[in-house]
Number of protein chains: 2
Amino acid sequence: MATSTIPETKVREGANGAPKSTQKAGTKYVYSFGGGKADGNGKMKEELGGKGAGLAEMTNAGLPVPPGFTIQTEACREYMKQGGVSAEVDRQMKEALRTLEELQGQKLGSGENPLLVSVRSGAKFSMPGMMDTILNLGLNDESVESLAKRSNNPRFAYDSYRRLIQMFGSVVLEIEKAAFEEVFDSKKKQKKAKLDTDLDAKALKEVIAEYKKVVKKHTSHDFPQDPHEQLVIARDAVFRSWQNDRAKHYRRINNIDDMLGTAVNVQAMVYGNLGETSGTGVGFTRNPAIGTKEFYGEFLMNAQGEDVVAGIRTPVHISELEKVMPDVYRQLHEITTRLEKHYRDMQDFEFTIQDGKLYMLQTRNGKRTGIAAVRVALQMVDEGLISKEEAIFRVEPNQLYDFLVPRLDEKNAKVEVLATGLPASPGAAVGQIVFTADEAVEKAGHGAKKNPVILVRAETTPEDIHGMEVAAGILTSRGGMTSHAAVVTRGMGKCCVAGAGDIHVDEKKREMQAKGQTFKAGDWISLDGTTGRVIKGKLNSIPPKADDPELLKFMSWAEPFRNMKVRANADIPRDAIQARAFGAEGAALKKLLPLQRKDFDGVFRAMDGFPVTIRTLDPPLHEFLPRREDLMVEIAVLEGTKPKSPKLGGLRKLLRRVEELHEFNPMLGHRGCRLGITYPEITEMQARAIFEAAVAVAKQGVRVYPEVMIPLTATLKEMANQAAIVHRVAQEVFKEKETKVDYMVGTMIELPRAALVADEIAKEAQFFSFGTNDLTQTTFGFSRDDINKVLPTYLAEGILKQDPFAVLDREGVGQLVKMATERGRKTRSNLKVGICGEHGGEPSSVEFCYQTGLNYVSCSPFRVLTARLAAAQAAASDKLKVEGGRTK
Amino acid sequence: MATSTIPETKVREGANGAPKSTQKAGTKYVYSFGGGKADGNGKMKEELGGKGAGLAEMTNAGLPVPPGFTIQTEACREYMKQGGVSAEVDRQMKEALRTLEELQGQKLGSGENPLLVSVRSGAKFSMPGMMDTILNLGLNDESVESLAKRSNNPRFAYDSYRRLIQMFGSVVLEIEKAAFEEVFDSKKKQKKAKLDTDLDAKALKEVIAEYKKVVKKHTSHDFPQDPHEQLVIARDAVFRSWQNDRAKHYRRINNIDDMLGTAVNVQAMVYGNLGETSGTGVGFTRNPAIGTKEFYGEFLMNAQGEDVVAGIRTPVHISELEKVMPDVYRQLHEITTRLEKHYRDMQDFEFTIQDGKLYMLQTRNGKRTGIAAVRVALQMVDEGLISKEEAIFRVEPNQLYDFLVPRLDEKNAKVEVLATGLPASPGAAVGQIVFTADEAVEKAGHGAKKNPVILVRAETTPEDIHGMEVAAGILTSRGGMTSHAAVVTRGMGKCCVAGAGDIHVDEKKREMQAKGQTFKAGDWISLDGTTGRVIKGKLNSIPPKADDPELLKFMSWAEPFRNMKVRANADIPRDAIQARAFGAEGAALKKLLPLQRKDFDGVFRAMDGFPVTIRTLDPPLHEFLPRREDLMVEIAVLEGTKPKSPKLGGLRKLLRRVEELHEFNPMLGHRGCRLGITYPEITEMQARAIFEAAVAVAKQGVRVYPEVMIPLTATLKEMANQAAIVHRVAQEVFKEKETKVDYMVGTMIELPRAALVADEIAKEAQFFSFGTNDLTQTTFGFSRDDINKVLPTYLAEGILKQDPFAVLDREGVGQLVKMATERGRKTRSNLKVGICGEHGGEPSSVEFCYQTGLNYVSCSPFRVLTARLAAAQAAASDKLKVEGGRTK
């Protein structure tokens with residue numbers, strides 16, 4: 001067996017026999033990495049794929065990564081054309097393998113210490129659908145014995161071999177998985193084993209024998225005992241998998257070129273469970289929760305990565321490693337410090353120690369909370385690691401939300417995580433468990449909350465609302481990010497962990513089980529809505545700090561770049577005051593009802609010196625009426641029970657009126673400026689309320705700039721009609737009150753037609769504000785209320801990358817936004833243009849607004865901070881690009 | 001009084017006193033017409049306004065029009081700038097008046113035979129909102145006596161004077177109308193007069209005295225007795241009226257330049273009621289109903305135009321005039337023959353004979369039925385009056401519908417028109433009156449219609465449907481073009497006259513009153529749904545003739561120009577056969593239901609050799625379910641009456657499912673390709689049905705070209721997803737059946753986003769078909785089902801010129817159609833593009849489709865002929881323009 005000659009296989013025969021081989025002289029097909037240097041580098045994703053380029057980069061960075069080699073994508077392209085690889089590929093692979101064996105002091109699948117490898121596909125773009133990983137390649141009837149001896153763990157060795165045959169059989173040889181599962185299950189039955197792990201070495205040996213029969217039966221060939229043959233067959237299977245249906249489907253829906261091809265990565269296996277000088281762990285170079293500079297992580301000796309994740313053994317703090325293996329600890333500490341310097345960001349790393357030798361399996365920029373992100377960015381500038389300009393981009397705008405909600409104080413606290421659910425609504429909540437809404441009300445009361453409670457339910461329903469209102473937080477065991485609990489709590493700005501499948505809620509017994517423990521009503525738990533963690537006991541919570549000095553310092557670096565204003569959607573003075581505290585530079589009122597004079601007053605005052613946009617009445621008329629179906633039921637019931645009731649006549653009359661106003665598609669109905677045109681007195685009354693309030697506060701010294709916004713225009717004439725009313729009323733009020741204020745009349749652009757004729761509409765409109773919610777509805781023909789019937793399939797099929805109501809659809813809706821802005825400004829060069837849909841607080845949409853040249857975005861008060869950073873990043877990115885890239 | 005000096009008035013003083021007068025030396029302000037020649041001509045609309053140019057044209061054409069003069073628009077512009085006209089205008093007017101007096105042998109408002117004139121505004125564009133006509137100007141206390149004597153009709157003279165004061169007072173002097181009405185009404189009360197005409201000459205003299213007091217009271221001036229003063233004041237009032245609010249509003253919504261100004265027309269009054277040598281009449285140069293070449297019209301001696309219209313006296317046939325006044329008859333005949341030659345079209349004229357002298361009051365191209373239009377066009381080509389190319393444009397495409405419905409045979413028939421209602425649904429119907437739907441069914445039966453009936457009702461309701469189905473025609477006394485009766489009958493292709501207000505239907509008594517006569521069930525009437533006439537008795541009806549030889553000849557001239565195909569929307573074989581008979585060159589199926597294999601068969605056969613487009617399933621899912629509100633009522637009633645009913649559980653379950661599928665805006669919901677993506681088996685099943693049918697008929701020698709159309713796409717990926725299914729199934733079927741057919745897969749463009757990304761979608765779509773109904777809904781944000789709440793106001797306010805669902809909105813929706821066509825063809829140069837919304841049968845929309853370069857339009861079978869002509873006209877117009885205008 002001990003030969004490194006690569007044998008011919010049936011797969012390769014065709015290719016080698018083929019005269020049309022287009023093998024290019026001098027082409028480098030195989031790139032080695034290991035021993036501190038790599039043939040390739042991190043930029044060669046085209047040739048090495050994302051994974052291969054990453055391995056090269058890590059090796060070059062001096063990391064002790066398990067060595068190996070990458071067969072580049074050109075070999076795959078040749079394989080597609082010719083049905084096999086050229087002899088040169090085989091030659092180079094043979095050479096790379098020899099280098100690898102020398103580096104490891106091992107031989108592939110032979111000797112006392114056999115070299116075992118993993119084989120993985122890796123294209124330029126991460127791409128599910130292709131062949132998955134093959135582990136433990138190199139094992140055969142002989143080398144499995146060596147592994148058993150070396151690891152002193154025969155069960156582990158036979159299980160590894162068993163897994164190889166199964167993976168190789170199903171993935172490479174394309175034998176149905178069921179054929180192997182049948183064997184395995186019947187063995188478990190025979191041995192009365194409940195879990196896979198209940199099968200001992202002897203049983204696994206029997207399974208291996210059966211598995212080999214399966215392979216023989218399905219392929220008419222024995223499972224290849226020659227490790228080199230295993231390797232060649234596996235490599236070619238990776239190339240073939242590039243063209244399987246799932247991969248093609250994925251490329252089609254993701255617009256990935258079919259001709260790119262995939263690379264193949266062959267890498268030495270390392271094991272953390274080969275004895276007491278082996279181990280495995282994970283860590284961060286800084287604290288990812290609060291951003292403090294500390295070496296942070298945990299590990300287990302004589303264990304595999306799975307053991308850390310499975311939670312059967314409890315990992316210990318990384319600092320303990322110093323006591324067990326001081327050299328390895330120092331090396332790890334030194335490496336990760338270097339890593340941070342190399343990647344110039346906080347790292348999240350995985351390592352394995354095999355026989356006292358440290359291997360880095362993976363390192364990547366670490367995920368962190370918003371608070372940690374800000375703090376780490378500040379520290380790194382202080383340390384001279386990054387520039388202030390770079391620091392701006394080290395915080396995701398959405399993360400700033402963390403500063404606006406309470407969070408758990410985990411310092412010096414014992415944190416026992418009971419389960420991790422979905423981070424359905426951010427923030428933190430600490431309270432006593434209750435299992436029903438009534439219980440919540442009883443215990444928490446409506447007044448001063450002496451008894452904070454957490455409402456725990458399998459899932460919530462509209463009947464739970466009264467309980468949800470008084471609870472400090474909500475925990476459910478079922479439901480996703482769009483479940484009732486998730487949606488309602490986000491609306492309330494209340495912490496929620498949803499769909500925590502690892503807890504079991506028994507509402508009848510009024511009990512909750514988690515991690516084998518039982519919790520009853522009155523027990524304390526703590527929720528972290530930002531991470532989804534459910535924590536045992538009563539932690540302290542830290543109140544939100546919008547004026548956190550580190551946040552302010554960070555924003556003071558970003559803000560000078562921003563040249564797009566951020567306003568807040570605020571319908572009541574309280575929101576406007578809040579928004580101004582978060583830095584809003586104007587407000588937009590949408591839910592205008594007649595005669596809410598005092599709300600105008602309040603918002604005008606809160607936004608002293610800034611413009612306030614006020615939309616005239618928009619909701620469909622029918623929203624003010626009783627529901628048609630309720631009336632029908634009431635009438636039918638009365639007719640059956642009290643047919644002579646005097647009430648019936650009135651109800652029937654009301655129903656007739658409601659039927660008259662009923663709309664099949666209220667979204668496309670009698671609303672917006674259509675109401676103001678058919679009932680001009682509505683616009684008139686509202687304009688009067690606006691200007692009377694404006695003049696009144698102006699007389700008291702408030703600098704007020706009302707912008708009256710006409711909704712749902714589609715034509716110039718609609719705009720002209722409504723603008724004429726507003727201007728007339730303004731002049732009337734100014735005359736009556738003998739005071740003038742500066743004001744503007746503009747329109748919402750929320751229909752495709754408005755965007756198409758924006759040049760016309762701008763003749764009468766002094767500003768545009770894009771209502772991107774409605775514009776998305778009409779451009780896509782998607783009702784926002786109904787899209788959830790379609791969206792899950794669309795996202796799963798890759799037809800949409802994201803919910804267009806969450807992230808602005810640049811290709812379609814964005815085209816209209818751009819068109820309207822350009823055409824509007826062609827007519828009126830100083831046209832003020834903004835956006836007031838909910839996209840105004842979403843970072844990618846804000847970036848698009850910046851690129852399109854909008855003057856402002858408007859968003860909910862709690863998104864103002866996010867929008868400010870997103871706008872600053874967009875501008876900074878632009879500016880720094882112009883200045884020659886984001887340099888250090 | 002007998003002076004032609006124009007006095008200075010207070011209005012003019014300011015202007016004359018002003019030093020800034022910009023009077024241009026040599027400017028011709030006043031244009032005379034009369035005596036066979038005019039200073040201006042028909043092309044001078046800019047200067048003379050539409051009306052003035054027309055009067056000049058008619059005069060130049062040799063018509064004896066009442067002479068007069070036009071003060072051109074420049075004078076109005078000066079008036080606007082300076083607040084008055086220049087002295088030169090007054091001078092020219094004085095001169096023109098003198099010419100007029102000489103021509104008429106009369107003096108303005110003096111002498112035994114005083115000259116009386118009308119004063120009218122007349123701008124370049126017809127423009128309501130400006131000052132209306134002032135008649136009888138020149139009457140005063142003196143001339144009214146002359147008129148009384150001359151007309152031998154003092155009542156007529158005083159009534160004319162009374163009207164002058166009232167018109168002059170309200171329109172020129174701006175006194176509230178109510179002030180005059182009060183006087184008039186109290187006089188009627190005093191005299192116990194029911195009608196205005198019940199007041200005799202004496203009473204009217206008393207009214208005049210009172211009216212003069214009103215003028216004095218409101219203006220502190222007497223009603224001007226000087227006719228020249230009357231004239232100047234009236235003229236200036238016309239100029240001022242250019243700037244009143246109504247006129248400004250009208251110009252604003254119609255985009256008419258404020259600086260155009262209006263002209264003023266002053267024209268001699270002529271009266272047909274000055275004795276037995278006076279008279280008045282109307283006529284046509286050819287028969288407007290059936291197109292025969294005959295002198296056609298009616299007249300009354302010693303009468304005013306109002307008398308002809310009012311129907312109190314019965315007019316006599318024009319041929320009788322020859323007996324009464326042979327010279328005048330000959331002159332009229334000669335003039336109208338000349339008119340036809342001059343205008344090169346059939347004329348509709350009005351004339352008055354005053355004291356034996358013929359005056360032509362008006363002539364215009366005559367309205368005619370479609371059948372007459374075709375026949376007249378053919379005749380005129382035969383007569384060498386027009387060219388074939390011109391003839392093509394002499395028929396409105398919509399008029400061809402007349403060939404497809406039955407019509408009344410009025411030749412040799414006694415036609416007594418009982419009333420004229422709205423032509424709600426074209427065609428003809430002859431039958432016995434019934435007053436209820438049940439009666440209709442009883443009498444007409446469902447089988448062979450032995451007893452044709454006309455269902456007569458005040459208005460119809462959905463409960464009448466069974467009666468409407470069996471009736472030959474429907475007549476209602478109430479309701480408009482969109483009333484229940486109108487809409488339902490148009491859908492049925494059945495004749496209907498709606499809203500005939502002059503008939504009274506007493507449903508209780510089962511009687512109909514009209515023209516003082518009473519009609520009972522069983523009486524015969526005839527309806528003309530094309531003109532709206534209700535005719536007494538049983539006329540014969542002529543069946544439709546789509547193969548009328550004159551129609552075929554006419555189409556054979558038009559068709560060679562046409563280069564855009566016309567297809568038919570046909571869901572069943574019967575419609576496809578019908579459409580093919582009307583010249584359809586392909587079909588589109590929309591109401592595709594699973595497994596309707598035999599309908600495909602039939603349509604494929606009917607369209608042998610032509611493409612058949614088949615849309616995959618589109619209707620919203622909920623259309624297949626019971627109505628939510630009905631279920632709710634049923635459950636509520638059961639709960640109240642039989643709470644233990646076993647049915648309840650099932651109903652509640654059904655309601656839950658219906659609630660799940662309920663959509664707030666079904667138009668924007670789970671439909672179109674969204675269904676085919678979430679349930680791919682639906683698309684698959686349909687594709688299979690289509691290809692199996694296609695292959696089956698192809699085997700029998702039918703040339704079949706199926707085009708599979710994916711509805712409601714918004715993204716390339718949706719298209720790719722569905723196209724992949726269709727292509728796969730096609731290959732499967734071809735393999736199974738061992739036969740191939742040519743086919744295409746394309747998409748409907750019916751969402752704005754699809755138009756915006758058409759270049760992308762065309763990568764997968766082999767053809768586009770615009771669904772302009774839905775595209776209009778989403779582009780405008782107007783639900784078609786709900787637009788009627790808004791549309792009446794929008795049309796009245798001029799915000800929309802027409803219903804965008806009837807006539808394609810070129811500015812907005814059209815922009816998307818153009819964009820999608822261009823972008824689609826950029827990707828795929830041979831992309832086939834058509835339209836299958838209902839606009840495909842509307843002539844202006846068809847013209848737009850031609851201009852946009854579409855390959856075809858598709859419309860309902862009965863619109864095919866219309867679309868063919870519209871497409872031919874559009875192409876011919878283009879071609880002839882290129883060749884240098886539509887020459888004779």
# chains A, B, ... in the order shown; residues from 1 in each chain; ligands from 1
>>> interface_residues(of="chain B", to="chain A", cutoff="6 Å", atoms="only C-alpha atoms", output="list of chain:residue names")
B:Glu629, B:Val633, B:Val637, B:Glu663, B:Asn665, B:Leu668, B:Gly669, B:Lys717, B:Pro752, B:Arg753, B:Thr778, B:Thr779, B:Phe780, B:Gly781, B:Phe782, B:Ser783, B:Asp786, B:Ile799, B:Gly812
>>> select_by_dssp(residues="stretch 792-878 of chain A", states="strand (DSSP E)", output="CSV table (one decimal) with N, CA and C atoms, in the first residue's frame")
chain,number,residue,atom,x,y,z
A,832,LYS,N,-36.5,69.8,-2.9
A,832,LYS,CA,-36.1,69.1,-1.8
A,832,LYS,C,-36.7,67.7,-1.9
A,833,VAL,N,-35.8,66.7,-1.7
A,833,VAL,CA,-36.3,65.3,-1.9
A,833,VAL,C,-35.9,64.5,-0.7
A,834,GLY,N,-36.9,63.7,-0.1
A,834,GLY,CA,-36.6,62.9,1.0
A,834,GLY,C,-37.4,61.6,0.9
A,835,ILE,N,-37.3,60.8,1.9
A,835,ILE,CA,-38.0,59.5,2.0
A,835,ILE,C,-38.6,59.4,3.3
A,856,TYR,N,-32.9,64.2,2.5
A,856,TYR,CA,-33.0,63.6,3.9
A,856,TYR,C,-33.7,62.3,3.8
A,857,VAL,N,-33.6,61.6,4.9
A,857,VAL,CA,-34.4,60.4,5.2
A,857,VAL,C,-35.2,60.7,6.5
A,858,SER,N,-36.3,60.0,6.6
A,858,SER,CA,-37.1,60.2,7.8
A,858,SER,C,-37.5,58.8,8.3
A,859,CYS,N,-37.4,58.6,9.6
A,859,CYS,CA,-37.6,57.2,10.2
A,859,CYS,C,-38.2,57.3,11.5
>>> residues_around(residues="stretch 536-547 of chain B", least_positions_apart="6", cutoff="6 Å", atoms="only C-alpha atoms", output="PDB file with N, CA, C and O atoms, in the first residue's frame")
ATOM      1  N   PHE B 403     -71.990  47.247 -37.691  1.00  0.00           N
ATOM      2  CA  PHE B 403     -72.179  46.143 -38.638  1.00  0.00           C
ATOM      3  C   PHE B 403     -72.374  44.804 -37.928  1.00  0.00           C
ATOM      4  O   PHE B 403     -72.731  43.826 -38.553  1.00  0.00           O
ATOM      5  N   LEU B 404     -72.078  44.783 -36.637  1.00  0.00           N
ATOM      6  CA  LEU B 404     -72.083  43.508 -35.914  1.00  0.00           C
ATOM      7  C   LEU B 404     -73.336  43.311 -35.073  1.00  0.00           C
ATOM      8  O   LEU B 404     -73.480  42.295 -34.417  1.00  0.00           O
ATOM      9  N   VAL B 405     -74.191  44.313 -35.065  1.00  0.00           N
ATOM     10  CA  VAL B 405     -75.426  44.192 -34.277  1.00  0.00           C
ATOM     11  C   VAL B 405     -76.612  44.440 -35.217  1.00  0.00           C
ATOM     12  O   VAL B 405     -76.472  45.099 -36.242  1.00  0.00           O
ATOM     13  N   PRO B 406     -77.786  43.908 -34.847  1.00  0.00           N
ATOM     14  CA  PRO B 406     -78.953  44.176 -35.687  1.00  0.00           C
ATOM     15  C   PRO B 406     -79.308  45.654 -35.640  1.00  0.00           C
ATOM     16  O   PRO B 406     -78.938  46.359 -34.701  1.00  0.00           O
ATOM     17  N   ARG B 407     -80.026  46.134 -36.657  1.00  0.00           N
ATOM     18  CA  ARG B 407     -80.486  47.520 -36.586  1.00  0.00           C
ATOM     19  C   ARG B 407     -81.909  47.592 -37.120  1.00  0.00           C
ATOM     20  O   ARG B 407     -82.404  46.657 -37.754  1.00  0.00           O
ATOM     21  N   LEU B 408     -82.542  48.699 -36.841  1.00  0.00           N
ATOM     22  CA  LEU B 408     -83.938  48.851 -37.252  1.00  0.00           C
ATOM     23  C   LEU B 408     -84.000  49.198 -38.729  1.00  0.00           C
ATOM     24  O   LEU B 408     -83.175  49.955 -39.247  1.00  0.00           O
ATOM     25  N   ASP B 409     -85.009  48.651 -39.394  1.00  0.00           N
ATOM     26  CA  ASP B 409     -85.236  48.982 -40.800  1.00  0.00           C
ATOM     27  C   ASP B 409     -86.235  50.129 -40.839  1.00  0.00           C
ATOM     28  O   ASP B 409     -87.427  49.938 -40.617  1.00  0.00           O
ATOM     29  N   GLU B 416     -92.242  56.768 -35.071  1.00  0.00           N
ATOM     30  CA  GLU B 416     -92.647  57.758 -34.067  1.00  0.00           C
ATOM     31  C   GLU B 416     -91.775  57.570 -32.836  1.00  0.00           C
ATOM     32  O   GLU B 416     -91.898  56.573 -32.102  1.00  0.00           O
ATOM     33  N   TRP B 524     -96.390  46.713 -28.579  1.00  0.00           N
ATOM     34  CA  TRP B 524     -95.106  46.584 -29.250  1.00  0.00           C
ATOM     35  C   TRP B 524     -94.317  47.895 -29.216  1.00  0.00           C
ATOM     36  O   TRP B 524     -94.876  48.965 -29.420  1.00  0.00           O
ATOM     37  N   ILE B 525     -93.014  47.799 -28.944  1.00  0.00           N
ATOM     38  CA  ILE B 525     -92.112  48.942 -29.130  1.00  0.00           C
ATOM     39  C   ILE B 525     -90.808  48.443 -29.771  1.00  0.00           C
ATOM     40  O   ILE B 525     -90.522  47.240 -29.775  1.00  0.00           O
ATOM     41  N   SER B 526     -90.071  49.411 -30.309  1.00  0.00           N
ATOM     42  CA  SER B 526     -88.794  49.102 -30.946  1.00  0.00           C
ATOM     43  C   SER B 526     -87.723  49.983 -30.315  1.00  0.00           C
ATOM     44  O   SER B 526     -87.957  51.168 -30.083  1.00  0.00           O
TER      45      SER B 526
END
>>> residues_around(residues="A:Thr420", least_positions_apart="3", cutoff="9 Å", atoms="only C-alpha atoms", output="PyMOL selection string")
chain A and resi 417+423+497+499-502+531-535
>>> write_last_selection(atoms="N, CA and C atoms", output="mmCIF file, in the first residue's frame")
data_model
loop_
_atom_site.group_PDB
_atom_site.id
_atom_site.type_symbol
_atom_site.label_atom_id
_atom_site.label_comp_id
_atom_site.auth_asym_id
_atom_site.auth_seq_id
_atom_site.Cartn_x
_atom_site.Cartn_y
_atom_site.Cartn_z
ATOM 1 N N VAL A 417 -27.125 29.899 30.915
ATOM 2 C CA VAL A 417 -28.060 29.997 29.787
ATOM 3 C C VAL A 417 -28.916 28.743 29.742
ATOM 4 N N PRO A 423 -33.842 36.141 18.697
ATOM 5 C CA PRO A 423 -33.818 37.491 19.271
ATOM 6 C C PRO A 423 -34.951 38.309 18.636
ATOM 7 N N VAL A 497 -37.977 36.942 23.570
ATOM 8 C CA VAL A 497 -37.263 35.807 23.004
ATOM 9 C C VAL A 497 -38.330 34.833 22.522
ATOM 10 N N GLY A 499 -39.666 31.348 20.135
ATOM 11 C CA GLY A 499 -39.296 30.070 19.540
ATOM 12 C C GLY A 499 -38.088 29.427 20.194
ATOM 13 N N ALA A 500 -38.000 29.511 21.523
ATOM 14 C CA ALA A 500 -36.887 28.861 22.226
ATOM 15 C C ALA A 500 -37.247 27.385 22.357
ATOM 16 N N GLY A 501 -36.899 26.602 21.329
ATOM 17 C CA GLY A 501 -37.358 25.218 21.225
ATOM 18 C C GLY A 501 -36.849 24.310 22.350
ATOM 19 N N ASP A 502 -35.771 24.725 23.030
ATOM 20 C CA ASP A 502 -35.192 23.873 24.070
ATOM 21 C C ASP A 502 -35.919 23.981 25.401
ATOM 22 N N THR A 531 -29.703 38.791 21.962
ATOM 23 C CA THR A 531 -29.021 37.558 21.550
ATOM 24 C C THR A 531 -29.973 36.368 21.553
ATOM 25 N N GLY A 532 -31.120 36.500 22.210
ATOM 26 C CA GLY A 532 -32.062 35.394 22.272
ATOM 27 C C GLY A 532 -31.830 34.462 23.453
ATOM 28 N N ARG A 533 -30.953 34.867 24.348
ATOM 29 C CA ARG A 533 -30.643 33.974 25.473
ATOM 30 C C ARG A 533 -31.692 34.049 26.576
ATOM 31 N N VAL A 534 -31.997 32.862 27.157
ATOM 32 C CA VAL A 534 -32.864 32.780 28.334
ATOM 33 C C VAL A 534 -31.949 32.391 29.492
ATOM 34 N N ILE A 535 -31.856 33.214 30.508
ATOM 35 C CA ILE A 535 -30.867 33.019 31.580
ATOM 36 C C ILE A 535 -31.573 32.788 32.905
#
>>> closest_residue(among="B:Gly366, B:Pro128, B:Gly261, B:Pro711", to="B:Gly49", atoms="only C-alpha atoms")
B:Gly261
>>> calpha_fit_rmsd(fixed="chain B", moving="chain A")
0.3 Å
>>> residues_around(residues="B:Asp196", least_positions_apart="4", cutoff="12 Å", atoms="only C-alpha atoms", output="VMD selection string")
chain B and resid 155 159 162 to 163 181 184 to 189 191 to 192 200 to 201 203 to 204 207
>>> atom_distance(atom1="atom CA of A:Met481", atom2="atom CA of A:Pro426")
11.7 Å
>>> select_by_dssp(residues="stretch 341-517 of chain A", states="alpha helix (DSSP H)", output="PyMOL selection string")
chain A and resi 341-343+370-382+388-392+437-444+465-470+484-492
>>> write_last_selection(atoms="C-alpha atoms", output="tab-separated table (two decimals), in the first residue's frame")
chain	number	residue	atom	x	y	z
A	341	LYS	CA	-2.92	42.82	14.15
A	342	HIS	CA	-2.95	40.98	10.83
A	343	TYR	CA	-6.66	41.24	10.26
A	370	GLY	CA	-23.35	47.19	19.34
A	371	ILE	CA	-21.88	48.37	22.61
A	372	ALA	CA	-18.84	46.14	22.14
A	373	ALA	CA	-18.51	47.27	18.53
A	374	VAL	CA	-18.33	50.93	19.52
A	375	ARG	CA	-15.96	50.24	22.38
A	376	VAL	CA	-13.63	48.01	20.34
A	377	ALA	CA	-13.54	50.58	17.55
A	378	LEU	CA	-12.54	53.33	20.01
A	379	GLN	CA	-9.89	51.12	21.62
A	380	MET	CA	-8.35	50.15	18.30
A	381	VAL	CA	-8.02	53.78	17.27
A	382	ASP	CA	-6.36	54.47	20.62
A	388	LYS	CA	-10.78	57.03	12.80
A	389	GLU	CA	-12.11	56.76	9.26
A	390	GLU	CA	-11.93	53.00	9.46
A	391	ALA	CA	-13.50	52.98	12.90
A	392	ILE	CA	-16.64	54.53	11.43
A	437	ALA	CA	-52.03	36.93	30.71
A	438	ASP	CA	-54.44	37.25	33.63
A	439	GLU	CA	-51.73	36.13	36.04
A	440	ALA	CA	-49.45	38.76	34.53
A	441	VAL	CA	-51.97	41.51	35.12
A	442	GLU	CA	-52.66	40.30	38.63
A	443	LYS	CA	-49.03	40.17	39.59
A	444	ALA	CA	-47.59	43.11	37.71
A	465	ILE	CA	-52.44	41.32	24.73
A	466	HIS	CA	-53.44	42.63	28.17
A	467	GLY	CA	-50.83	40.41	29.73
A	468	MET	CA	-48.18	41.35	27.20
A	469	GLU	CA	-48.78	45.01	27.93
A	470	VAL	CA	-47.89	44.71	31.61
A	484	HIS	CA	-47.53	37.06	17.05
A	485	ALA	CA	-45.28	37.51	20.06
A	486	ALA	CA	-42.41	38.82	17.92
A	487	VAL	CA	-44.45	41.29	15.93
A	488	VAL	CA	-46.44	42.65	18.86
A	489	THR	CA	-43.47	43.11	21.16
A	490	ARG	CA	-41.40	44.87	18.51
A	491	GLY	CA	-44.32	47.24	18.11
A	492	MET	CA	-44.34	47.80	21.89
>>> residues_around(residues="A:Met685", least_positions_apart="4", cutoff="10 Å", atoms="only C-alpha atoms", output="list in words")
Pro594, Leu595, Thr616, Pro680, Glu681, Ala689, Ile690, Ile725, Val726 and Val729 of chain A
>>> atom_distance(atom1="atom CA of A:Ala303", atom2="atom CA of A:Gly272")
5.3 Å
>>> residues_around(residues="B:Glu46", least_positions_apart="4", cutoff="10 Å", atoms="only C-alpha atoms", output="ChimeraX atom specification")
/B:50,52-53,72-74,123-125,260-263
>>> atom_distance(atom1="atom CA of A:Ala247", atom2="atom CA of A:Lys216")
28.2 Å
